[in-house]
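Student: Following this line is run-v2.tsv, made up of TSV, C-alpha atoms:
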chain	number	residue	atom	x	y	z
A	1	MET	CA	56.44	102.42	94.54
A	2	ALA	CA	57.20	98.72	94.93
A	3	SER	CA	55.59	98.03	91.58
A	4	PHE	CA	58.00	100.47	89.93
A	5	PHE	CA	61.04	98.46	91.07
A	6	CYS	CA	59.52	95.39	89.48
A	7	SER	CA	58.52	97.15	86.29
A	8	THR	CA	60.02	96.89	82.84
A	9	LYS	CA	60.94	100.59	82.97
A	10	PHE	CA	63.03	100.07	86.11
A	11	LEU	CA	64.82	97.06	84.63
A	12	LEU	CA	65.58	99.02	81.48
A	13	LEU	CA	66.88	101.94	83.57
A	14	LEU	CA	69.08	99.59	85.60
A	15	PHE	CA	70.44	98.03	82.42
A	16	PHE	CA	71.14	101.48	80.96
A	17	LEU	CA	72.98	102.70	84.06
A	18	SER	CA	75.10	99.55	84.31
A	19	ALA	CA	75.92	99.76	80.61
A	20	ILE	CA	77.47	103.23	80.97
A	21	PRO	CA	80.64	102.13	82.84
A	22	ILE	CA	80.90	99.01	80.68
A	23	ALA	CA	80.69	101.13	77.53
A	24	PHE	CA	83.31	103.50	78.97
A	25	ILE	CA	85.69	100.62	79.69
A	26	ILE	CA	85.18	99.19	76.20
A	27	HIS	CA	85.92	102.63	74.74
A	28	LEU	CA	89.15	102.90	76.75
A	29	GLU	CA	90.23	99.38	75.82
A	30	THR	CA	89.61	99.83	72.09
A	31	SER	CA	91.08	103.33	71.79
A	32	SER	CA	94.59	103.60	70.39
A	33	PRO	CA	97.09	104.22	73.22
A	34	THR	CA	98.86	107.59	73.20
A	35	THR	CA	102.06	106.10	74.69
A	36	HIS	CA	103.92	102.81	74.42
A	37	VAL	CA	102.23	99.86	76.14
A	38	TYR	CA	103.57	96.40	76.96
A	39	HIS	CA	100.69	93.90	76.86
A	40	TYR	CA	101.09	90.50	78.46
A	41	HIS	CA	98.93	87.45	79.03
A	42	SER	CA	98.69	86.38	82.64
A	43	THR	CA	97.43	83.53	84.77
A	44	GLY	CA	95.59	85.84	87.19
A	45	TRP	CA	93.38	88.90	87.38
A	46	LEU	CA	95.37	91.07	89.81
A	47	ARG	CA	99.04	92.11	89.59
A	48	GLU	CA	100.21	94.41	92.38
A	49	CYS	CA	103.74	95.42	91.39
A	50	SER	CA	106.17	95.21	88.45
A	51	LYS	CA	109.89	95.92	88.25
A	52	TRP	CA	112.23	95.91	85.26
A	53	ASP	CA	115.12	93.45	85.70
A	54	ASP	CA	117.63	94.96	83.28
A	55	ALA	CA	120.32	92.30	83.78
A	56	ASN	CA	117.94	89.60	82.53
A	57	ARG	CA	115.78	91.66	80.14
A	58	ARG	CA	112.51	90.87	81.85
A	59	PHE	CA	109.80	92.36	84.00
A	60	ILE	CA	109.13	90.71	87.35
A	61	VAL	CA	105.54	90.89	88.63
A	62	SER	CA	103.92	90.08	91.98
A	63	PHE	CA	100.66	88.16	92.19
A	64	PHE	CA	97.86	89.41	94.42
A	65	GLU	CA	96.87	85.77	94.88
A	66	GLY	CA	100.45	85.06	96.02
A	67	GLY	CA	103.62	84.37	94.06
A	68	LEU	CA	105.84	85.93	91.43
A	69	GLY	CA	106.16	85.75	87.66
A	70	VAL	CA	108.55	86.94	84.97
A	71	ILE	CA	107.80	88.50	81.59
A	72	PRO	CA	110.76	88.13	79.23
A	73	VAL	CA	111.25	90.86	76.62
A	74	GLU	CA	113.27	89.42	73.75
A	75	ALA	CA	115.69	91.53	71.71
A	76	ASP	CA	113.44	91.17	68.64
A	77	TYR	CA	110.35	92.47	70.49
A	78	SER	CA	108.12	94.68	68.36
A	79	PRO	CA	105.49	97.12	69.67
A	80	GLY	CA	102.16	95.35	69.58
A	81	ASP	CA	103.55	91.94	70.49
A	82	VAL	CA	101.73	90.32	73.41
A	83	LEU	CA	104.22	89.04	75.97
A	84	GLN	CA	103.74	85.97	78.17
A	85	GLU	CA	103.91	85.82	81.95
A	86	MET	CA	105.76	82.80	83.39
A	87	PRO	CA	105.09	81.93	87.06
A	88	VAL	CA	108.32	81.29	89.00
A	89	VAL	CA	107.27	81.39	92.69
A	90	LYS	CA	104.24	79.82	94.37
A	91	ASP	CA	104.75	78.90	98.03
A	92	ALA	CA	102.22	76.47	99.47
A	93	ASP	CA	102.95	77.62	103.03
A	94	LEU	CA	101.93	81.19	102.09
A	95	THR	CA	98.59	80.26	100.53
A	96	GLY	CA	95.94	82.86	101.32
A	97	ASN	CA	98.43	85.73	101.44
A	98	ALA	CA	99.17	88.28	98.74
A	99	SER	CA	102.58	89.09	97.30
A	100	LEU	CA	102.67	92.87	97.17
A	101	GLY	CA	105.47	95.40	96.75
A	102	PHE	CA	108.96	94.06	96.08
A	103	THR	CA	112.46	95.24	95.31
A	104	ILE	CA	115.40	93.79	93.40
A	105	ASP	CA	118.58	93.43	95.49
A	106	ARG	CA	121.07	93.26	92.64
A	107	GLU	CA	124.12	93.10	94.90
A	108	ARG	CA	122.90	89.84	96.42
A	109	ASN	CA	121.12	88.50	93.31
A	110	ARG	CA	117.74	88.27	94.98
A	111	VAL	CA	114.31	89.82	95.18
A	112	LEU	CA	112.62	90.83	98.45
A	113	VAL	CA	108.82	90.62	98.62
A	114	ALA	CA	106.29	92.00	101.11
A	115	VAL	CA	103.71	89.31	101.93
A	116	ALA	CA	100.44	90.04	103.73
A	117	ASP	CA	96.98	88.83	104.67
A	118	VAL	CA	95.08	91.54	102.82
A	119	LEU	CA	91.60	90.98	104.25
A	120	GLY	CA	92.31	90.01	107.85
A	121	ASN	CA	95.62	91.84	108.45
A	122	ARG	CA	96.66	88.88	110.64
A	123	TYR	CA	99.90	87.93	108.91
A	124	SER	CA	102.79	89.90	107.42
A	125	ALA	CA	106.18	88.66	106.28
A	126	LEU	CA	109.22	89.39	104.15
A	127	ALA	CA	110.27	86.72	101.67
A	128	ALA	CA	113.57	86.65	99.77
A	129	TYR	CA	114.14	84.63	96.58
A	130	ASP	CA	117.21	83.93	94.47
A	131	LEU	CA	116.95	85.69	91.11
A	132	THR	CA	118.44	82.78	89.17
A	133	LEU	CA	116.87	79.60	90.56
A	134	TRP	CA	114.00	81.26	92.46
A	135	ASN	CA	114.74	79.29	95.61
A	136	ARG	CA	113.52	80.95	98.78
A	137	VAL	CA	116.46	82.39	100.70
A	138	PHE	CA	114.54	83.26	103.85
A	139	LEU	CA	111.06	84.00	105.17
A	140	THR	CA	110.84	86.46	108.05
A	141	LYS	CA	107.57	86.68	109.95
A	142	LEU	CA	106.79	90.31	110.79
A	143	SER	CA	103.43	89.89	112.52
A	144	GLY	CA	100.86	87.21	113.26
A	145	PRO	CA	97.44	86.65	114.85
A	146	GLU	CA	98.93	87.30	118.30
A	147	ASP	CA	100.08	90.81	117.29
A	148	GLU	CA	98.28	94.03	116.42
A	149	LYS	CA	96.77	94.07	112.95
A	150	ALA	CA	99.38	94.84	110.30
A	151	PHE	CA	99.75	94.99	106.53
A	152	ALA	CA	103.20	94.63	104.97
A	153	ASP	CA	102.80	96.64	101.76
A	154	ASP	CA	106.10	97.64	100.16
A	155	VAL	CA	109.83	97.07	100.67
A	156	VAL	CA	113.19	98.57	99.76
A	157	VAL	CA	116.78	97.57	100.45
A	158	ASP	CA	119.81	99.69	101.42
A	159	THR	CA	123.43	99.24	100.35
A	160	GLU	CA	124.16	96.92	103.29
A	161	GLY	CA	121.30	94.58	102.46
A	162	ASN	CA	118.92	95.77	105.19
A	163	ALA	CA	115.28	95.75	104.13
A	164	TYR	CA	112.66	98.28	105.18
A	165	ILE	CA	109.01	97.21	104.94
A	166	THR	CA	106.07	99.60	105.28
A	167	ASP	CA	103.05	98.72	107.41
A	168	ALA	CA	100.02	100.30	105.74
A	169	LYS	CA	97.76	99.35	108.65
A	170	ALA	CA	99.70	100.42	111.76
A	171	ASP	CA	101.94	103.14	110.26
A	172	LYS	CA	105.33	101.70	111.09
A	173	ILE	CA	108.37	100.36	109.23
A	174	TRP	CA	110.04	97.04	109.96
A	175	LYS	CA	113.80	96.74	109.52
A	176	VAL	CA	115.10	93.30	108.53
A	177	GLY	CA	118.80	92.48	108.27
A	178	ALA	CA	120.58	91.03	105.25
A	179	ASN	CA	120.28	87.49	106.62
A	180	GLY	CA	116.59	87.78	107.38
A	181	GLU	CA	116.79	88.74	111.05
A	182	LEU	CA	114.08	91.12	112.27
A	183	LYS	CA	115.99	94.01	113.84
A	184	TYR	CA	113.40	96.53	115.01
A	185	THR	CA	110.54	98.76	113.91
A	186	ILE	CA	110.63	102.45	113.11
A	187	LYS	CA	107.73	104.26	114.78
A	188	ASN	CA	106.95	107.96	114.96
A	189	SER	CA	103.80	109.86	115.88
A	190	ILE	CA	104.25	112.04	112.78
A	191	PHE	CA	103.36	109.01	110.63
A	192	THR	CA	99.78	108.89	111.89
A	193	PRO	CA	97.39	111.64	110.74
A	194	LYS	CA	94.77	113.04	113.12
A	195	GLU	CA	91.75	112.52	110.86
A	196	TRP	CA	90.18	109.06	111.00
A	197	TYR	CA	89.55	109.01	107.26
A	198	ASN	CA	93.24	109.59	106.56
A	199	LYS	CA	94.12	106.48	108.57
A	200	LEU	CA	92.39	103.99	106.28
A	201	VAL	CA	95.57	103.25	104.30
A	202	GLY	CA	98.83	104.42	105.81
A	203	LEU	CA	102.54	104.10	104.97
A	204	ASN	CA	102.87	102.58	101.53
A	205	GLY	CA	105.43	103.33	98.80
A	206	ILE	CA	109.08	103.47	99.88
A	207	VAL	CA	112.42	104.11	98.16
A	208	TYR	CA	116.05	104.19	99.30
A	209	HIS	CA	117.86	107.33	98.19
A	210	PRO	CA	121.54	107.01	97.15
A	211	ASN	CA	122.38	109.69	99.74
A	212	GLY	CA	121.48	107.21	102.46
A	213	TYR	CA	117.92	107.89	103.60
A	214	LEU	CA	114.39	106.65	102.98
A	215	LEU	CA	111.46	108.41	101.33
A	216	VAL	CA	108.07	107.03	102.35
A	217	ALA	CA	104.57	107.97	101.17
A	218	HIS	CA	101.40	107.88	103.27
A	219	THR	CA	98.51	106.97	100.96
A	220	PHE	CA	95.46	108.64	102.46
A	221	SER	CA	97.06	111.73	103.99
A	222	GLY	CA	99.25	112.40	100.95
A	223	ASN	CA	102.28	113.04	103.16
A	224	LEU	CA	105.84	112.25	102.14
A	225	PHE	CA	108.42	111.51	104.84
A	226	LYS	CA	112.21	111.56	104.81
A	227	ILE	CA	113.81	109.12	107.26
A	228	GLU	CA	117.49	109.62	108.06
A	229	ILE	CA	118.47	106.04	108.89
A	230	ALA	CA	122.07	107.09	109.66
A	231	LYS	CA	120.81	109.63	112.21
A	232	GLY	CA	118.79	107.48	114.55
A	233	ASP	CA	115.89	107.14	112.10
A	234	GLU	CA	115.10	110.84	112.33
A	235	VAL	CA	111.81	111.58	110.53
A	236	LYS	CA	110.97	114.77	108.66
A	237	LEU	CA	107.85	115.78	106.76
A	238	VAL	CA	108.75	116.72	103.19
A	239	LYS	CA	106.99	119.91	102.12
A	240	ILE	CA	105.20	119.32	98.80
A	241	ASP	CA	104.33	122.28	96.55
A	242	TYR	CA	101.75	122.52	93.75
A	243	GLY	CA	99.54	119.66	94.79
A	244	SER	CA	99.20	116.62	97.00
A	245	LEU	CA	100.42	113.02	96.91
A	246	LYS	CA	97.07	111.78	98.23
A	247	PHE	CA	96.24	108.21	97.18
A	248	GLY	CA	99.85	107.65	96.12
A	249	ASP	CA	100.93	104.01	95.95
A	250	GLY	CA	104.28	102.51	94.89
A	251	MET	CA	107.24	104.82	94.20
A	252	GLU	CA	110.40	104.79	92.09
A	253	LEU	CA	113.33	107.18	91.83
A	254	LEU	CA	113.82	108.37	88.26
A	255	SER	CA	116.98	110.19	89.40
A	256	PRO	CA	118.31	111.46	92.75
A	257	THR	CA	116.18	114.59	92.29
A	258	LYS	CA	113.07	113.09	90.64
A	259	LEU	CA	110.55	110.77	92.28
A	260	VAL	CA	107.65	108.96	90.60
A	261	VAL	CA	104.63	108.35	92.84
A	262	ALA	CA	102.28	105.86	91.18
A	263	GLY	CA	98.55	106.41	91.52
A	264	ASN	CA	95.56	107.78	89.74
A	265	PRO	CA	97.00	110.10	88.58
A	266	THR	CA	100.70	109.27	88.85
A	267	ARG	CA	102.82	112.25	89.91
A	268	LEU	CA	106.37	113.30	89.13
A	269	VAL	CA	107.97	115.15	92.05
A	270	GLU	CA	111.24	117.07	91.84
A	271	SER	CA	113.52	118.32	94.65
A	272	SER	CA	116.45	120.74	94.59
A	273	ASP	CA	117.30	120.56	98.31
A	274	ASP	CA	117.96	116.85	98.96
A	275	TRP	CA	114.28	116.17	99.66
A	276	GLU	CA	113.69	118.66	102.40
A	277	SER	CA	110.93	119.78	100.04
A	278	GLY	CA	109.55	118.76	96.67
A	279	THR	CA	107.46	120.15	93.84
A	280	ILE	CA	104.94	118.28	91.71
A	281	VAL	CA	106.10	119.05	88.19
A	282	GLY	CA	103.98	116.64	86.17
A	283	LYS	CA	101.14	114.12	86.16
A	284	ALA	CA	100.37	111.03	84.07
A	285	LYS	CA	97.03	109.21	83.88
A	286	GLY	CA	97.88	105.72	82.68
A	287	ALA	CA	94.98	103.32	82.07
A	288	ILE	CA	92.68	104.71	84.75
A	289	HIS	CA	90.17	101.85	84.57
A	290	ARG	CA	92.93	99.33	85.34
A	291	LEU	CA	94.26	101.12	88.47
A	292	SER	CA	97.93	102.19	88.55
A	293	THR	CA	99.67	100.73	91.61
A	294	ALA	CA	103.44	100.81	90.98
A	295	ALA	CA	106.13	102.32	88.77
A	296	THR	CA	109.36	101.02	87.31
A	297	VAL	CA	112.07	102.51	85.12
A	298	LYS	CA	113.23	100.71	81.97
A	299	GLU	CA	116.12	102.30	80.12
A	300	GLY	CA	115.19	105.77	81.36
A	301	THR	CA	111.47	105.42	80.65
A	302	VAL	CA	108.84	105.15	83.39
A	303	TYR	CA	106.28	102.35	83.06
A	304	LEU	CA	103.21	102.02	85.26
A	305	ASN	CA	102.00	98.71	86.61
A	306	HIS	CA	98.22	98.31	86.51
A	307	MET	CA	96.56	95.98	88.95
A	308	ILE	CA	93.52	94.85	86.97
A	309	GLY	CA	93.69	92.41	84.07
A	310	LEU	CA	90.91	92.13	81.52
A	311	GLY	CA	89.85	89.49	79.04
A	312	TYR	CA	88.55	85.94	79.17
A	313	PRO	CA	89.66	83.19	79.22
A	314	ARG	CA	93.15	84.73	78.85
A	315	LYS	CA	93.70	87.69	81.13
A	316	LYS	CA	95.62	90.53	79.55
A	317	HIS	CA	97.58	93.05	81.65
A	318	VAL	CA	99.34	96.25	80.65
A	319	LEU	CA	102.51	98.14	81.55
A	320	VAL	CA	101.95	101.68	80.29
A	321	GLU	CA	104.62	104.26	79.50
A	322	ALA	CA	104.10	107.35	81.67
A	323	VAL	CA	104.31	110.69	79.88
A	324	PHE	CA	104.10	113.55	82.36
A	325	SER	CA	102.42	116.86	81.65
A	326	ALA	CA	102.19	119.93	83.86
Could you quickly redo this structure as structure tokens?
Tutor:
Amino acid sequence: MASFFCSTKFLLLLFFLSAIPIAFIIHLETSSPTTHVYHYHSTGWLRECSKWDDANRRFIVSFFEGGLGVIPVEADYSPGDVLQEMPVVKDADLTGNASLGFTIDRERNRVLVAVADVLGNRYSALAAYDLTLWNRVFLTKLSGPEDEKAFADDVVVDTEGNAYITDAKADKIWKVGANGELKYTIKNSIFTPKEWYNKLVGLNGIVYHPNGYLLVAHTFSGNLFKIEIAKGDEVKLVKIDYGSLKFGDGMELLSPTKLVVAGNPTRLVESSDDWESGTIVGKAKGAIHRLSTAATVKEGTVYLNHMIGLGYPRKKHVLVEAVFSA
């Protein structure tokens, strides 16, 4: 048997098996896209989140290696043009931590970013940056080596400037005030599923609804929660019909009644009862080999951020238009 593993036949078999996924990826990369795609050259391999900044006609992207970049989209852009990523934030004191989900706080002209130690779960923070000069407005430490393991994953802001940051490790939500003060954490036993395998990745995508509450997704259980922040942070489980939100990642409201849950596949959920319940009405695949992690809305169209960049020496990333089908 040992001689087989050293034989030419085994090496040829190994080469053949490894070539299958590579050939599949090449096929996907060279096939003509069925929807509109923004391509951009990047300085890194992994991009966790993207948001459209309509006031400045640019996408903002977060770097898994830490930092932020912008991707300007000029008025004379033509489909097929390759855009260029421009780094704007790189904090030396946050080296070793990833910049993950973020939200644009238009009212205060700033962006709020969840920062975390991805591998060790020993540091989590919320960073705020000015949208014009990219100066850091504040850095709020949420957890450190002396605390329980935590993983700040995504963030949203309410009308008063309070930020809510999901902890994908310990299933809680930090609340940070408009000036960067850590107020308290939202905890509830309903957040934590019973099964051990559903605890691997917890609370993740989060949005603030214009009616004054939060919607939060739990990645491995597929649950969606409604948190009434004006009613003592009351938590309800949103009943989802016609499918599950399992492995959902970042989220974006398309309208008050329509929610996009990024993932593989990405799901479009609709509610007619102010999110007491919801129905999955459509799914979109995106570029499955690049891993969809977040969604953003540009001029009424949903675009999916994909984490993985391909190409060498210049890494190319994609933002893919999501077309939902039943």
Student: Here is a test: counting only C-alpha atoms, which residue of A:Glu74, A:Glu195, A:Glu48, A:Glu107 is nearest to Asp154 of chain A?
Tutor: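 For Asp154 of chain A, the nearest of the given residues is A:Glu48.
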Student: Enter the distance from atom CA of Glu146 of chain A to atom CA of Asn121 of chain A, in Å, rounded to one decimal.
Tutor: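 Interatomic distance, atom CA of Glu146 of chain A to atom CA of Asn121 of chain A: 11.3 Å.
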Student: Find the distance between atom CA of Gly248 of chain A and atom CA of Asp273 of chain A and write it in Å to one decimal.
Tutor: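 These atoms are spaced 21.8 Å apart.
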Student: Go through segment 73-188 of chain A residue by residue and, counting only C-alpha atoms, keep those with an atom at most 10 Å from segment 209-226 of chain A; for each kept residue give the shortest atom pair and its distance in Å to one decimal, ordered by chain and increasing number, as a Markdown table.
Tutor:
| residue | atom | partner | partner_atom | distance |
| --- | --- | --- | --- | --- |
| A:Asp154 | CA | A:Val216 | CA | 9.8 |
| A:Val156 | CA | A:Leu214 | CA | 8.8 |
| A:Val157 | CA | A:Leu214 | CA | 9.7 |
| A:Asp158 | CA | A:Gly212 | CA | 7.8 |
| A:Thr159 | CA | A:Gly212 | CA | 8.5 |
| A:Tyr164 | CA | A:Leu214 | CA | 8.8 |
| A:Thr166 | CA | A:Val216 | CA | 8.2 |
| A:Ala168 | CA | A:His218 | CA | 8.1 |
| A:Asp171 | CA | A:His218 | CA | 8.5 |
| A:Ile173 | CA | A:Val216 | CA | 9.6 |
Student: Do you know which residues lie at most 6 Å from (103.1, 99.8, 71.6), with coordinates as in the file and all atoms listed in the file counted, and could you write them as a ChimeraX atom specification?
Tutor: /A:36-37,79-80
Student: For each of A:Ile308, A:Leu254, A:Ile186, A:Ile165, take the minimum atom-to-atom distance to Leu268 of chain A, counting all atoms listed in the file, then give the residue where this is smallest.
Tutor: A:Leu254
Student: Have a look at atom CA of Val82 of chain A and atom CA of Lys316 of chain A and let me know their distance in Å, one decimal.
Tutor: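 Atom-to-atom, atom CA of Val82 of chain A and atom CA of Lys316 of chain A are spaced 8.7 Å apart.
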Student: Would you list the contacts of His39 of chain A as a list in words, taking every protein, DNA or RNA residue within 12 Å and counting all atoms listed in the file, but skipping same-chain residues closer than 4 positions in sequence?
Tutor: Glu29, Pro33, Phe59, Ile71, Pro72, Val73, Tyr77, Ser78, Pro79, Gly80, Asp81, Val82, Leu83, Gln84, Glu85, Tyr303, Leu304, Asn305, His306, Gly309, Leu310, Gly311, Lys315, Lys316, His317, Val318, Leu319, Val320 and Glu321 of chain A
Student: From the list A:Tyr197, A:Trp275, A:Tyr242, A:Tyr208, which residue is nearest Asn162 of chain A when using all atoms listed in the file?
Tutor: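 Once distances to Asn162 of chain A are computed over all atoms listed in the file, the minimum belongs to A:Tyr208.
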Student: Let me make sure I understand: among A:Lys169, A:Arg136, A:His41, A:Lys298, which one has the smallest atom-to-atom distance to Tyr123 of chain A if we use all atoms listed in the file?
Tutor: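 Of A:Lys169, A:Arg136, A:His41, A:Lys298, the one nearest Tyr123 of chain A is A:Lys169, counting all atoms listed in the file.
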Student: Identify which of the residues A:Leu94, A:Asp167, A:Glu160, A:Val176 lies closest to Leu200 of chain A, counting only C-alpha atoms when measuring atom-to-atom distances.
Tutor: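 Nearest candidate to Leu200 of chain A out of A:Leu94, A:Asp167, A:Glu160, A:Val176: A:Asp167.
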Student: Nearest to Ile60 of chain A: which of A:Thr266, A:Val89, A:Ala322, A:Thr35 is it, counting all atoms listed in the file?
Tutor: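 Among A:Thr266, A:Val89, A:Ala322, A:Thr35, it is A:Val89 that comes nearest to Ile60 of chain A.
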Student: Excluding Ile190 of chain A and any residue of its chain fewer than 2 positions from it, enumerate the residues within 10 Å of it, using only C-alpha atoms, and give them as a PyMOL selection string.
Tutor: chain A and resi 171+187-188+192-194+223+225+235-237
